[in-house]
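Novice: Take a look at the following structure, please.
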Amino acid sequence: MNLISPTGVEVNIGETLQPDEYIGMCRREILDKYIRDRAIEYGAEIVNGLVTAIDVPEGHKTNEEPYTLHYQEFVEGSSAGVAKTMDVDVIVGADGANSRVAKAMDAGLYNFAIAFQERIKISEEKMEFYEEMAEMYVGDDVSPDFYGWVFPKYDHVGVGTGTVVNRPAIKQYQKAIRDRAGDKIAGGKIIKVEAHPIPEHYRPRRVQGRIALVGDAAGYVTKCSGEGIYFAAKSGRMAAEEIVAIMKGGSRLPTQAEIEDTYIAKYDKLYGPTYAVLDILQKVFYSNNGAREAFVELCNSKYVQQVTFDSYLYKRVQGNNPLDDIKLLGETIGCLIKGYANAKPDAEFSNPIESQKRLG
């Protein structure tokens with residue numbers, strides 16, 4: 001994986017990976033089908049439909065009155081589907097950043113980034129470069145608070161960027177990442193355009209009564225890397241396992257306190273430190289071009305690469321060598337001083353109203 005600074009300095013940040021370690025890339029259309037098919041294989045009853053409303057009983061936190069799902073079930077020959085309802089005892093909301101479940105349970109607002117990506121089909125010759133290569137570009141031209149990327153997607157590449165603080169300029173930043181990639185994607189054909197909101201932090205309330213949120217619906221996306229797929233899958237499994245255990249074979253229903261004391265408590269203990277550290281790193285190194293130059297230079301360090309990839313691959317904050325940590329602190333200060341001295345100033349922008357908008 002190459003990391004490219006605002007001035008074009010490139011660093012290969014995958015040199016410490018072992019032969020059996022790799023950064024996986026996926027196409028959601030393939031992954032999602034695989035997960036859905038496996039759920040069916042394990043006994044899940046699949047409904048092909050769209051939830052339109054959820055009736056939440058007023059006293060659902062203290063009583064066992066069921067929730068009612070209203071949905072349109074898709075059927076052959078019908079464009080609108082057939083309106084149906086379903087009564088359920090427990091809801092696990094895994095329906096993304098714009099979660100209808102979160103709105104129904106009053107999970108609260110959260111800030112969000114816009115991630116924009118173009119799938120681009122490039123020539124086989126150009127694609128050879130990306131067979132074992134992913135690229136991350138930093139600079140205020142591609143994002144004022146995140147990074148731009150070129151990621152391989154089997155027979156094409158995903159080219160994109162994201163931002164929280166200047167969302168209206170996302171297409172400007174998208175053009176910039178295409179320009180930065182330059183000849184490596186030149187002549188490519190855009191085959192798909194994708195744009196999604198990305199949560200910036202946990203929802204204020206992840207459990208209400210017998211309704212629990214997981215994945216993007218809960219706000220489980222890490223800063224700095226923007227990763228969400230692993231945490232979506234892990235939180236979904238943890239929530240399901242804990243709720244099933246509490247229900248004792250369907251003989252009783254879980255309470256809000258029980259879900260919070262098991263699923264939420266265990267998830268936060270496992271991954272809370274990871275979210276906190278990556279939040280700090282994003283604020284320090286993605287805030288201006290000087291810090292971005294310093295970040296790229298620091299990534300030349302084998303110790304930084306080892307800690308970074310171990311933390312990424314195994315989802316735990318790494319770094320257990322006090323002497324190397326002290327040395328790294330000195331290097332960080334030095335790189336920041338050098339970066340601020342050499343980097344061009346960030347372009348100014350003003351976007352006070354849009355930057356305050358939240359997802360409900």
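How things are named: the first chain in the structure tokens is A, the next is B, and so on; residues count from 1 in each chain; ligands count from 1 in the order shown.
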Gly226 of chain A: which residues within 9 Å, counting only C-alpha atoms, same-chain residues fewer than 2 positions away excluded, as a list in words?
Specialist: Phe146, Ile198, Glu200, Val221, Thr222, Lys223, Cys224 and Gly228 of chain A
Novice: Okay, now the selection with N, CA, C and O atoms, as a JSON list (two decimals), in the first residue's frame?
Specialist:
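Written output follows (selection_15.json):
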```json
[["chain", "number", "residue", "atom", "x", "y", "z"],
["A", 146, "PHE", "N", -9.78, 14.14, 5.61],
["A", 146, "PHE", "CA", -9.73, 12.69, 5.45],
["A", 146, "PHE", "C", -8.67, 12.38, 4.39],
["A", 146, "PHE", "O", -7.65, 13.05, 4.32],
["A", 198, "ILE", "N", -21.15, 8.47, 6.18],
["A", 198, "ILE", "CA", -20.31, 7.64, 7.04],
["A", 198, "ILE", "C", -20.35, 8.22, 8.45],
["A", 198, "ILE", "O", -19.97, 9.38, 8.66],
["A", 200, "GLU", "N", -19.55, 9.49, 12.15],
["A", 200, "GLU", "CA", -18.33, 10.02, 12.74],
["A", 200, "GLU", "C", -18.15, 9.60, 14.19],
["A", 200, "GLU", "O", -17.08, 9.79, 14.76],
["A", 221, "VAL", "N", -17.83, 3.19, 12.90],
["A", 221, "VAL", "CA", -16.83, 3.41, 11.85],
["A", 221, "VAL", "C", -15.64, 4.10, 12.48],
["A", 221, "VAL", "O", -15.80, 5.07, 13.23],
["A", 222, "THR", "N", -14.44, 3.60, 12.21],
["A", 222, "THR", "CA", -13.26, 4.17, 12.84],
["A", 222, "THR", "C", -12.80, 5.44, 12.13],
["A", 222, "THR", "O", -12.90, 5.55, 10.90],
["A", 223, "LYS", "N", -12.28, 6.38, 12.90],
["A", 223, "LYS", "CA", -11.65, 7.56, 12.32],
["A", 223, "LYS", "C", -10.34, 7.13, 11.67],
["A", 223, "LYS", "O", -9.86, 6.03, 11.82],
["A", 224, "CYS", "N", -9.74, 8.03, 10.94],
["A", 224, "CYS", "CA", -8.42, 7.85, 10.34],
["A", 224, "CYS", "C", -8.49, 6.89, 9.15],
["A", 224, "CYS", "O", -8.16, 7.26, 8.03],
["A", 228, "GLY", "N", -15.41, 0.24, 8.35],
["A", 228, "GLY", "CA", -16.68, -0.06, 9.00],
["A", 228, "GLY", "C", -17.16, -1.49, 8.81],
["A", 228, "GLY", "O", -17.96, -1.98, 9.61]]
```
Novice: Could you pull out all residues of segment 176-352 of chain A with a DSSP call of strand (DSSP E) and give them as a list of chain:residue names?
Specialist: A:Lys189, A:Ile190, A:Ile191, A:Lys192, A:Val193, A:Glu194, A:Ala195, A:His196, A:Pro197, A:Ile198, A:Pro199, A:Val207, A:Gln208, A:Ile211, A:Ala212, A:Leu213
Novice: From a backbone DSSP assignment, name each residue in segment 148-212 of chain A labelled helix (DSSP H, G or I), as a ChimeraX atom specification.
Specialist: /A:167-184
Novice: How would the residues just chosen look if you wrote them out with C-alpha atoms as a short mmCIF file (atom, residue, chain, number, x, y, z; two decimals), in the first residue's frame?
Specialist:
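Printed below is result33.cif as written:
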```
data_model
loop_
_atom_site.label_atom_id
_atom_site.label_comp_id
_atom_site.auth_asym_id
_atom_site.auth_seq_id
_atom_site.Cartn_x
_atom_site.Cartn_y
_atom_site.Cartn_z
CA ARG A 167 -19.43 18.15 2.29
CA PRO A 168 -20.77 20.45 -0.49
CA ALA A 169 -17.31 20.39 -2.14
CA ILE A 170 -17.16 16.59 -2.44
CA LYS A 171 -17.18 16.63 -6.26
CA GLN A 172 -14.31 19.13 -6.25
CA TYR A 173 -12.32 16.74 -4.05
CA GLN A 174 -13.31 13.81 -6.26
CA LYS A 175 -11.90 15.57 -9.32
CA ALA A 176 -8.73 16.22 -7.36
CA ILE A 177 -8.20 12.55 -6.47
CA ARG A 178 -8.67 11.59 -10.13
CA ASP A 179 -6.11 14.23 -11.06
CA ARG A 180 -3.67 13.01 -8.40
CA ALA A 181 -3.95 9.41 -9.67
CA GLY A 182 -3.24 10.82 -13.12
CA ASP A 183 -1.90 8.49 -15.82
CA LYS A 184 -2.46 5.39 -13.67
#
```
Novice: Name all residues at most 8 Å from segment 233-245 of chain A (count only C-alpha atoms; drop same-chain ones fewer than 3 positions away) and give them as a VMD selection string.
Specialist: chain A and resid 92 94 212 214 to 215 229 to 230 248 to 250 254 259 262 to 264 267
Novice: Take atom CA of Gln282 of chain A and atom CA of Val193 of chain A and report the distance between them in Å, one decimal.
Specialist: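 Atom-to-atom, atom CA of Gln282 of chain A and atom CA of Val193 of chain A are spaced 26.2 Å apart.
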